[in-house]
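Shown next: structure.tsv, containing TSV, C-alpha atoms.
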```tsv
chain	number	residue	atom	x	y	z
V	1	MET	CA	41.93	34.22	-8.74
V	2	THR	CA	38.18	34.39	-9.30
V	3	THR	CA	37.07	36.43	-12.32
V	4	ALA	CA	33.82	38.34	-11.96
V	5	THR	CA	31.05	37.31	-14.31
V	6	VAL	CA	29.41	39.78	-16.66
V	7	GLY	CA	26.23	39.49	-14.57
V	8	ALA	CA	28.03	40.40	-11.37
V	9	LEU	CA	29.75	43.33	-13.06
V	10	LEU	CA	26.47	44.62	-14.50
V	11	ARG	CA	24.80	44.33	-11.12
V	12	THR	CA	27.64	46.31	-9.54
V	13	TRP	CA	27.25	49.08	-12.11
V	14	ARG	CA	23.47	49.10	-11.72
V	15	GLU	CA	23.73	49.40	-7.94
V	16	ARG	CA	26.42	52.06	-8.30
V	17	ARG	CA	24.00	54.10	-10.43
V	18	GLY	CA	21.23	53.53	-7.88
V	19	ILE	CA	18.58	52.14	-10.23
V	20	SER	CA	16.38	49.04	-10.02
V	21	GLN	CA	16.27	46.09	-12.39
V	22	LEU	CA	12.85	47.29	-13.55
V	23	GLU	CA	14.14	50.78	-14.34
V	24	LEU	CA	17.16	49.40	-16.20
V	25	ALA	CA	14.91	47.07	-18.17
V	26	GLY	CA	12.79	50.02	-19.25
V	27	ARG	CA	15.83	51.98	-20.34
V	28	ALA	CA	17.24	49.01	-22.28
V	29	ASP	CA	13.95	47.92	-23.89
V	30	SER	CA	14.11	44.61	-22.03
V	31	SER	CA	12.33	42.98	-19.08
V	32	SER	CA	13.22	42.92	-15.41
V	33	ARG	CA	13.09	39.10	-15.62
V	34	HIS	CA	15.76	39.06	-18.31
V	35	ILE	CA	17.92	41.56	-16.39
V	36	SER	CA	17.62	39.35	-13.32
V	37	PHE	CA	18.61	36.27	-15.33
V	38	VAL	CA	21.64	38.09	-16.75
V	39	GLU	CA	22.79	39.28	-13.34
V	40	THR	CA	22.45	35.84	-11.75
V	41	GLY	CA	24.14	34.05	-14.65
V	42	ARG	CA	21.04	32.14	-15.76
V	43	SER	CA	21.13	33.91	-19.12
V	44	ARG	CA	24.12	34.93	-21.27
V	45	PRO	CA	23.53	38.37	-22.80
V	46	SER	CA	24.27	38.99	-26.44
V	47	GLU	CA	27.07	41.33	-27.37
V	48	GLU	CA	24.49	43.91	-28.40
V	49	MET	CA	22.72	43.61	-25.05
V	50	VAL	CA	25.98	44.03	-23.11
V	51	LEU	CA	26.72	47.24	-25.01
V	52	ARG	CA	23.15	48.49	-24.63
V	53	LEU	CA	23.15	47.91	-20.89
V	54	ALA	CA	26.58	49.52	-20.58
V	55	ASP	CA	25.29	52.55	-22.45
V	56	ARG	CA	22.17	52.85	-20.27
V	57	LEU	CA	24.33	52.53	-17.16
V	58	ASP	CA	26.80	55.12	-18.42
V	59	VAL	CA	29.70	52.68	-18.01
V	60	PRO	CA	33.05	54.22	-19.01
V	61	MET	CA	34.52	52.94	-22.26
V	62	ARG	CA	37.43	51.21	-20.56
V	63	ASP	CA	35.00	49.18	-18.44
V	64	ARG	CA	32.76	48.37	-21.41
V	65	ASN	CA	35.64	46.35	-22.80
V	66	ALA	CA	35.86	44.53	-19.45
V	67	LEU	CA	32.13	43.72	-19.62
V	68	LEU	CA	32.51	42.33	-23.13
V	69	LEU	CA	35.46	40.16	-22.09
V	70	ALA	CA	33.56	38.85	-19.07
V	71	ALA	CA	30.67	37.91	-21.38
V	72	GLY	CA	33.02	36.04	-23.72
V	73	TYR	CA	33.26	38.65	-26.49
V	74	ALA	CA	36.20	40.56	-27.93
V	75	PRO	CA	36.78	44.13	-26.73
V	76	ARG	CA	35.04	46.66	-28.94
V	77	TYR	CA	37.15	49.76	-28.25
V	78	ALA	CA	40.84	50.22	-28.96
V	79	HIS	CA	43.18	51.73	-26.37
V	80	THR	CA	45.77	53.49	-28.50
V	81	PRO	CA	48.71	55.30	-26.86
V	82	LEU	CA	48.59	59.02	-27.54
V	83	ASP	CA	52.11	58.93	-29.01
V	84	ASP	CA	51.12	56.27	-31.56
V	85	PRO	CA	51.52	57.44	-35.20
V	86	SER	CA	47.82	56.85	-35.79
V	87	MET	CA	47.08	59.55	-33.19
V	88	GLY	CA	49.07	62.17	-35.11
V	89	VAL	CA	46.04	64.06	-36.38
V	90	LEU	CA	44.54	64.16	-32.88
V	91	ARG	CA	47.78	65.43	-31.32
V	92	GLU	CA	48.16	68.13	-33.97
V	93	GLY	CA	44.56	69.21	-33.48
V	94	LEU	CA	45.02	69.48	-29.71
V	95	GLU	CA	48.24	71.45	-30.13
V	96	ARG	CA	46.54	73.89	-32.52
V	97	LEU	CA	43.66	74.31	-30.09
V	98	LEU	CA	45.96	75.01	-27.12
V	99	THR	CA	48.17	77.37	-29.11
V	100	GLY	CA	45.16	79.21	-30.50
V	101	TYR	CA	43.90	79.85	-26.96
V	102	GLU	CA	47.06	81.67	-25.91
V	103	PRO	CA	47.81	83.86	-24.05
V	104	TYR	CA	45.14	82.30	-21.83
V	105	PRO	CA	45.98	79.01	-20.08
V	106	ALA	CA	44.74	75.70	-21.49
V	107	LEU	CA	45.78	72.08	-20.97
V	108	VAL	CA	44.77	68.51	-21.74
V	109	VAL	CA	44.63	65.85	-19.01
V	110	ASP	CA	43.86	62.15	-18.96
V	111	ALA	CA	41.61	60.19	-16.58
V	112	ARG	CA	44.22	60.43	-13.79
V	113	TYR	CA	44.70	64.19	-14.29
V	114	ASP	CA	48.15	63.65	-15.77
V	115	VAL	CA	48.94	66.53	-18.13
V	116	VAL	CA	49.42	65.30	-21.70
V	117	ALA	CA	49.65	68.77	-23.30
V	118	ALA	CA	49.71	72.39	-22.11
V	119	ASN	CA	50.20	75.81	-23.65
V	120	ARG	CA	52.45	78.71	-22.66
V	121	GLY	CA	49.73	80.24	-20.51
V	122	VAL	CA	49.85	77.21	-18.22
V	123	MET	CA	53.64	77.11	-18.22
V	124	MET	CA	53.68	80.76	-17.14
V	125	LEU	CA	51.55	79.98	-14.09
V	126	MET	CA	53.93	77.14	-13.14
V	127	GLU	CA	57.05	79.34	-13.22
V	128	GLY	CA	59.20	78.87	-10.13
V	129	LEU	CA	57.73	75.55	-8.97
V	130	PRO	CA	60.24	73.04	-7.52
V	131	GLU	CA	61.77	70.46	-9.83
V	132	HIS	CA	60.30	67.47	-7.97
V	133	LEU	CA	56.79	68.64	-8.88
V	134	LEU	CA	57.73	69.29	-12.49
V	135	ALA	CA	59.28	65.85	-13.03
V	136	GLY	CA	57.03	63.87	-15.38
V	137	PRO	CA	54.36	62.93	-15.56
V	138	LEU	CA	52.94	66.28	-14.51
V	139	ASN	CA	49.73	65.88	-12.55
V	140	ALA	CA	47.29	68.79	-12.53
V	141	MET	CA	45.80	68.01	-9.11
V	142	ARG	CA	49.19	67.51	-7.49
V	143	LEU	CA	50.61	70.70	-9.04
V	144	THR	CA	47.60	72.73	-7.92
V	145	LEU	CA	47.11	71.48	-4.36
V	146	HIS	CA	50.64	70.61	-3.20
V	147	PRO	CA	51.83	73.06	-0.50
V	148	GLN	CA	54.99	73.63	-2.58
V	149	GLY	CA	53.01	73.90	-5.80
V	150	LEU	CA	50.45	76.48	-6.86
V	151	ALA	CA	48.49	76.28	-3.60
V	152	PRO	CA	50.32	79.15	-1.81
V	153	ARG	CA	49.64	81.42	-4.80
V	154	ILE	CA	45.88	80.77	-4.87
V	155	HIS	CA	44.02	83.48	-2.95
V	156	ASN	CA	40.77	81.49	-2.61
V	157	LEU	CA	42.53	78.17	-1.99
V	158	ARG	CA	39.98	76.68	0.42
V	159	GLU	CA	37.13	77.26	-2.04
V	160	TRP	CA	39.12	76.07	-5.06
V	161	ARG	CA	40.46	73.04	-3.18
V	162	GLY	CA	36.91	72.11	-2.17
V	163	HIS	CA	35.79	72.41	-5.79
V	164	LEU	CA	38.61	70.16	-7.06
V	165	LEU	CA	38.11	67.51	-4.38
V	166	ALA	CA	34.36	67.44	-5.04
V	167	GLN	CA	35.09	67.04	-8.75
V	168	MET	CA	37.32	64.05	-8.02
V	169	GLU	CA	34.72	62.55	-5.70
V	170	ARG	CA	32.10	62.71	-8.45
V	171	GLN	CA	34.49	61.06	-10.89
V	172	ILE	CA	35.37	58.29	-8.43
V	173	ALA	CA	31.65	57.64	-7.93
V	174	LEU	CA	31.25	57.16	-11.69
V	175	VAL	CA	34.29	55.01	-12.42
V	176	ARG	CA	36.14	52.21	-10.69
V	177	SER	CA	39.71	53.54	-10.53
V	178	ALA	CA	42.18	52.59	-7.82
V	179	PRO	CA	44.81	55.05	-9.14
V	180	LEU	CA	42.29	57.90	-9.05
V	181	ARG	CA	41.27	56.97	-5.51
V	182	ALA	CA	44.95	56.90	-4.46
V	183	LEU	CA	45.50	60.34	-6.01
V	184	TYR	CA	42.45	61.72	-4.22
V	185	GLU	CA	43.66	60.41	-0.86
V	186	GLU	CA	47.10	61.90	-1.50
V	187	VAL	CA	46.00	65.43	-2.43
V	188	ALA	CA	43.20	65.53	0.14
V	189	ALA	CA	45.82	64.92	2.84
V	190	TYR	CA	47.99	67.86	1.81
V	191	PRO	CA	48.14	70.61	4.44
V	192	VAL	CA	46.44	73.82	3.39
V	193	PRO	CA	48.96	76.69	3.33
V	194	GLU	CA	47.86	79.82	5.12
V	195	ARG	CA	48.23	83.12	3.29
V	196	PRO	CA	48.72	86.46	5.09
V	197	GLY	CA	45.34	88.14	5.29
V	198	ASP	CA	43.38	84.95	4.63
V	199	SER	CA	41.05	85.79	7.50
V	200	GLU	CA	40.20	89.16	5.99
V	201	PRO	CA	37.18	89.20	3.66
V	202	GLU	CA	38.09	90.02	0.07
V	203	GLU	CA	36.19	92.51	-2.03
V	204	ALA	CA	33.01	90.94	-3.39
V	205	VAL	CA	33.18	90.70	-7.17
V	206	PRO	CA	30.32	89.25	-9.25
V	207	TYR	CA	31.53	86.17	-11.17
V	208	ILE	CA	29.59	83.84	-13.45
V	209	ALA	CA	31.18	80.83	-11.71
V	210	LEU	CA	33.64	80.09	-8.91
V	211	PRO	CA	36.89	81.70	-10.06
V	212	LEU	CA	40.45	80.53	-9.63
V	213	ARG	CA	42.14	83.60	-8.12
V	214	ILE	CA	45.88	83.08	-8.49
V	215	GLU	CA	48.87	85.38	-8.13
V	216	HIS	CA	51.58	85.73	-10.76
V	217	ASP	CA	54.53	88.07	-10.41
V	218	GLY	CA	52.64	90.30	-7.98
V	219	HIS	CA	49.46	90.43	-10.09
V	220	LEU	CA	46.21	88.80	-8.99
V	221	LEU	CA	44.60	86.94	-11.90
V	222	SER	CA	41.08	85.52	-11.99
V	223	PHE	CA	39.94	82.65	-14.22
V	224	VAL	CA	36.78	80.62	-14.77
V	225	SER	CA	37.43	77.00	-15.73
V	226	SER	CA	35.71	75.21	-18.61
V	227	ILE	CA	36.19	71.49	-19.36
V	228	SER	CA	35.49	69.84	-22.73
V	229	THR	CA	35.51	66.18	-23.76
V	230	PHE	CA	35.10	64.37	-27.09
V	231	ASN	CA	31.47	63.80	-27.98
V	232	THR	CA	31.57	60.40	-29.73
V	233	PRO	CA	34.90	58.72	-28.93
V	234	MET	CA	35.65	55.23	-30.23
V	235	ASP	CA	38.96	54.80	-28.43
V	236	VAL	CA	39.56	54.52	-24.68
V	237	THR	CA	42.42	57.02	-24.76
V	238	VAL	CA	40.32	59.64	-26.54
V	239	ALA	CA	37.34	59.01	-24.26
V	240	GLU	CA	39.44	59.75	-21.19
V	241	LEU	CA	40.93	63.05	-22.41
V	242	ALA	CA	39.64	66.34	-21.06
V	243	ILE	CA	40.53	69.82	-22.32
V	244	GLU	CA	40.50	72.50	-19.63
V	245	THR	CA	40.55	76.15	-20.63
V	246	LEU	CA	40.89	79.00	-18.16
V	247	LEU	CA	38.74	81.93	-19.26
V	248	PRO	CA	39.78	85.34	-17.87
V	249	ALA	CA	37.16	86.43	-15.38
V	250	ASP	CA	37.88	90.16	-15.36
V	251	PRO	CA	39.37	92.87	-17.60
V	252	ALA	CA	42.50	93.19	-15.47
V	253	THR	CA	43.42	89.55	-16.14
V	254	VAL	CA	42.90	90.01	-19.89
V	255	LYS	CA	45.09	93.14	-19.90
V	256	TYR	CA	47.89	91.52	-17.92
V	257	LEU	CA	48.04	88.30	-19.97
V	258	ARG	CA	48.11	90.26	-23.22
V	259	SER	CA	50.88	92.47	-21.89
V	260	VAL	CA	53.16	89.52	-21.01
V	261	ALA	CA	52.33	87.38	-24.05
V	262	PRO	CA	55.39	86.70	-26.24
```
Starting from the coordinates I provided, produce the structure as structure tokens.
Amino acid sequence: MTTATVGALLRTWRERRGISQLELAGRADSSSRHISFVETGRSRPSEEMVLRLADRLDVPMRDRNALLLAAGYAPRYAHTPLDDPSMGVLREGLERLLTGYEPYPALVVDARYDVVAANRGVMMLMEGLPEHLLAGPLNAMRLTLHPQGLAPRIHNLREWRGHLLAQMERQIALVRSAPLRALYEEVAAYPVPERPGDSEPEEAVPYIALPLRIEHDGHLLSFVSSISTFNTPMDVTVAELAIETLLPADPATVKYLRSVAP
């Protein structure tokens, strides 16, 4: 099996980002001649240059390790399992954050949208889902868009589905991930359940962002989603975590969640 050279990999990332050798050289304080030599294999970049180019090309941390290996250097970033004892402080911090956000829903997902932690607000929304969807690992995209999942409960499903698929498309454009592509193709192929009254226009309500309008126990709840990541990660696992919080979008949702909170 042929292994791609660091030059070929860098060229692929540069073309993926849609920038020229001259533009990359300017960003990396180098010359287009040197960039060309690196991409064609006529020059072996230093470890510092590999990391600088990866940074300027916004290469994900997982793939920065691959670039370093292809250039003949040791990986720079660890990839520590989340259940490793050394991750104890991180896990405890995430649990405190999720618990502190209750009764509003919040969860943590990895790069494949597998749920690694969730609070009681999220578990409430998933009440009544079939066992085959709840068998681990839970996947946020699959749970949301599957016709036996949350999809039939979402009043603005077509809009929310379009938002989620566009989000995945942007992520796929930024990273090289066969599992993410496979997940996208799976959930994009799900049939879209029809709800009674879907053709009737709903009352226009001013929102600050596209809301998730989901039904729970006969009550229509509205949320605005916010996603946070770690600012300066030094581990692949940490770099790929995302914390999603669902902010109540109207007073009725706040009142209902507080009334059912344990």
- Message: For a test of reading the model, state the distance in Å between CA of Val59 (chain V) and CA of Val175 (chain V), rounded to one decimal.
- Response: 7.6 Å
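Across the model, the gap from CA of Thr144 (chain V) to CA of Arg176 (chain V) is 23.7 Å.
Of the residues under consideration (V:Leu150, V:Ala28, V:Ala140, V:Ala252), V:Leu150 shows the shortest atom-to-atom contact distance to Met126 (chain V) when counting all atoms listed in the file.
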When you look at region 214-223 of chain V with a cut-off of 9 Å (counting only C-alpha atoms), what residues show up, excluding the ones that are within fewer than 5 positions of it in the same chain? I need them as a short mmCIF file (atom, residue, chain, number, x, y, z; two decimals) with C-alpha atoms, in the coordinates of the input.
```cif
data_model
loop_
_atom_site.label_atom_id
_atom_site.label_comp_id
_atom_site.auth_asym_id
_atom_site.auth_seq_id
_atom_site.Cartn_x
_atom_site.Cartn_y
_atom_site.Cartn_z
CA MET V 124 53.68 80.76 -17.14
CA LEU V 125 51.55 79.98 -14.09
CA GLU V 127 57.05 79.34 -13.22
CA LEU V 150 50.45 76.48 -6.86
CA ALA V 151 48.49 76.28 -3.60
CA PRO V 152 50.32 79.15 -1.81
CA ARG V 153 49.64 81.42 -4.80
CA ILE V 154 45.88 80.77 -4.87
CA HIS V 155 44.02 83.48 -2.95
CA ASN V 156 40.77 81.49 -2.61
CA LEU V 157 42.53 78.17 -1.99
CA LEU V 246 40.89 79.00 -18.16
CA LEU V 247 38.74 81.93 -19.26
CA PRO V 248 39.78 85.34 -17.87
CA ALA V 249 37.16 86.43 -15.38
CA ASP V 250 37.88 90.16 -15.36
CA ALA V 252 42.50 93.19 -15.47
CA THR V 253 43.42 89.55 -16.14
CA VAL V 254 42.90 90.01 -19.89
CA TYR V 256 47.89 91.52 -17.92
CA LEU V 257 48.04 88.30 -19.97
#
```
- Item | Nearest residue to Leu68 (chain V) from the set V:Ser20, V:Thr5, V:Asn119, V:Ser225 (distances using all atoms listed in the file) | V:Thr5
What lies within 12 Å of Leu134 (chain V) using only C-alpha atoms, ignoring chain neighbours under 3 positions off, as a PDB file with C-alpha atoms, keeping the file's coordinate frame?
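around-v1.pdb, freshly written:
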```pdb
ATOM      1  CA  ASP V 114      48.150  63.650 -15.770  1.00  0.00           C
ATOM      2  CA  VAL V 115      48.940  66.530 -18.130  1.00  0.00           C
ATOM      3  CA  MET V 123      53.640  77.110 -18.220  1.00  0.00           C
ATOM      4  CA  MET V 126      53.930  77.140 -13.140  1.00  0.00           C
ATOM      5  CA  GLU V 127      57.050  79.340 -13.220  1.00  0.00           C
ATOM      6  CA  GLY V 128      59.200  78.870 -10.130  1.00  0.00           C
ATOM      7  CA  LEU V 129      57.730  75.550  -8.970  1.00  0.00           C
ATOM      8  CA  PRO V 130      60.240  73.040  -7.520  1.00  0.00           C
ATOM      9  CA  GLU V 131      61.770  70.460  -9.830  1.00  0.00           C
ATOM     10  CA  PRO V 137      54.360  62.930 -15.560  1.00  0.00           C
ATOM     11  CA  LEU V 138      52.940  66.280 -14.510  1.00  0.00           C
ATOM     12  CA  ASN V 139      49.730  65.880 -12.550  1.00  0.00           C
ATOM     13  CA  ALA V 140      47.290  68.790 -12.530  1.00  0.00           C
ATOM     14  CA  ARG V 142      49.190  67.510  -7.490  1.00  0.00           C
ATOM     15  CA  LEU V 143      50.610  70.700  -9.040  1.00  0.00           C
ATOM     16  CA  THR V 144      47.600  72.730  -7.920  1.00  0.00           C
ATOM     17  CA  HIS V 146      50.640  70.610  -3.200  1.00  0.00           C
ATOM     18  CA  GLN V 148      54.990  73.630  -2.580  1.00  0.00           C
ATOM     19  CA  GLY V 149      53.010  73.900  -5.800  1.00  0.00           C
ATOM     20  CA  LEU V 150      50.450  76.480  -6.860  1.00  0.00           C
TER      21      LEU V 150
END
```
Which residues of region 51-118 of chain V sit at most 10 Å from region 42-46 of chain V, using only C-alpha atoms? Give each one's shortest atom pair and distance in Å (one decimal place), in chain and ascending residue order, as JSON lines.
```
{"residue": "V:Leu51", "atom": "CA", "partner": "V:Ser46", "partner_atom": "CA", "distance": 8.7}
{"residue": "V:Arg52", "atom": "CA", "partner": "V:Ser46", "partner_atom": "CA", "distance": 9.7}
{"residue": "V:Leu53", "atom": "CA", "partner": "V:Pro45", "partner_atom": "CA", "distance": 9.7}
{"residue": "V:Leu68", "atom": "CA", "partner": "V:Ser46", "partner_atom": "CA", "distance": 9.5}
{"residue": "V:Ala71", "atom": "CA", "partner": "V:Arg44", "partner_atom": "CA", "distance": 7.2}
{"residue": "V:Gly72", "atom": "CA", "partner": "V:Arg44", "partner_atom": "CA", "distance": 9.3}
{"residue": "V:Tyr73", "atom": "CA", "partner": "V:Ser46", "partner_atom": "CA", "distance": 9.0}
```
Preceding selection exported with C-alpha atoms as a JSON list (two decimals), in the frame of the given file:
```json
[["chain", "number", "residue", "atom", "x", "y", "z"],
["V", 51, "LEU", "CA", 26.72, 47.24, -25.01],
["V", 52, "ARG", "CA", 23.15, 48.49, -24.63],
["V", 53, "LEU", "CA", 23.15, 47.91, -20.89],
["V", 68, "LEU", "CA", 32.51, 42.33, -23.13],
["V", 71, "ALA", "CA", 30.67, 37.91, -21.38],
["V", 72, "GLY", "CA", 33.02, 36.04, -23.72],
["V", 73, "TYR", "CA", 33.26, 38.65, -26.49]]
```
Axis-aligned box over every listed atom of region 147-156 of chain V, padded by 6 Å per side: centre and edges in Å to one decimal, as JSON?
```
{"center_x": 47.9, "center_y": 78.3, "center_z": -3.7, "size_x": 26.2, "size_y": 22.4, "size_z": 18.4}
```
Quick one: residues within 10 Å of Thr40 (chain V), all atoms listed in the file, excluding same-chain residues fewer than 5 positions away - as a PDB file with C-alpha atoms, in the coordinates of the input?
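around20.pdb was written with the following content:
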```pdb
ATOM      1  CA  THR V   5      31.050  37.310 -14.310  1.00  0.00           C
ATOM      2  CA  VAL V   6      29.410  39.780 -16.660  1.00  0.00           C
ATOM      3  CA  GLY V   7      26.230  39.490 -14.570  1.00  0.00           C
ATOM      4  CA  ALA V   8      28.030  40.400 -11.370  1.00  0.00           C
ATOM      5  CA  ARG V  11      24.800  44.330 -11.120  1.00  0.00           C
ATOM      6  CA  HIS V  34      15.760  39.060 -18.310  1.00  0.00           C
ATOM      7  CA  ILE V  35      17.920  41.560 -16.390  1.00  0.00           C
TER       8      ILE V  35
END
```
- Item | Nearest-residue call for Gly162 (chain V), choices V:Val192, V:Pro179, V:Asn231, V:Leu174, using all atoms listed in the file |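 That would be V:Val192, the residue with the smallest distance to Gly162 (chain V).
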Who sits within 12 Å of Val238 (chain V), only C-alpha atoms, same chain under 2 positions skipped, as a JSON list (two decimals) with C-alpha atoms, in the frame of the given file:
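Below you can see around-v9.json, which holds the result:
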```json
[["chain", "number", "residue", "atom", "x", "y", "z"],
["V", 60, "PRO", "CA", 33.05, 54.22, -19.01],
["V", 61, "MET", "CA", 34.52, 52.94, -22.26],
["V", 62, "ARG", "CA", 37.43, 51.21, -20.56],
["V", 77, "TYR", "CA", 37.15, 49.76, -28.25],
["V", 78, "ALA", "CA", 40.84, 50.22, -28.96],
["V", 79, "HIS", "CA", 43.18, 51.73, -26.37],
["V", 80, "THR", "CA", 45.77, 53.49, -28.50],
["V", 81, "PRO", "CA", 48.71, 55.30, -26.86],
["V", 82, "LEU", "CA", 48.59, 59.02, -27.54],
["V", 87, "MET", "CA", 47.08, 59.55, -33.19],
["V", 90, "LEU", "CA", 44.54, 64.16, -32.88],
["V", 91, "ARG", "CA", 47.78, 65.43, -31.32],
["V", 94, "LEU", "CA", 45.02, 69.48, -29.71],
["V", 108, "VAL", "CA", 44.77, 68.51, -21.74],
["V", 109, "VAL", "CA", 44.63, 65.85, -19.01],
["V", 110, "ASP", "CA", 43.86, 62.15, -18.96],
["V", 111, "ALA", "CA", 41.61, 60.19, -16.58],
["V", 116, "VAL", "CA", 49.42, 65.30, -21.70],
["V", 228, "SER", "CA", 35.49, 69.84, -22.73],
["V", 229, "THR", "CA", 35.51, 66.18, -23.76],
["V", 230, "PHE", "CA", 35.10, 64.37, -27.09],
["V", 231, "ASN", "CA", 31.47, 63.80, -27.98],
["V", 232, "THR", "CA", 31.57, 60.40, -29.73],
["V", 233, "PRO", "CA", 34.90, 58.72, -28.93],
["V", 234, "MET", "CA", 35.65, 55.23, -30.23],
["V", 235, "ASP", "CA", 38.96, 54.80, -28.43],
["V", 236, "VAL", "CA", 39.56, 54.52, -24.68],
["V", 240, "GLU", "CA", 39.44, 59.75, -21.19],
["V", 241, "LEU", "CA", 40.93, 63.05, -22.41],
["V", 242, "ALA", "CA", 39.64, 66.34, -21.06],
["V", 243, "ILE", "CA", 40.53, 69.82, -22.32]]
```
- Query: So how many Å separate CA of Ala209 (chain V) and CA of Val224 (chain V), to one decimal?
  - Reply: 6.4 Å
- Message: Can you tell me which residues surround Arg17 (chain V) at a distance of at most 9 Å, considering all atoms listed in the file, apart from same-chain residues fewer than 4 positions away, and format the answer as a list in words?
- Response: Thr12, Trp13, Leu57, Asp58, Ala173 and Leu174 of chain V
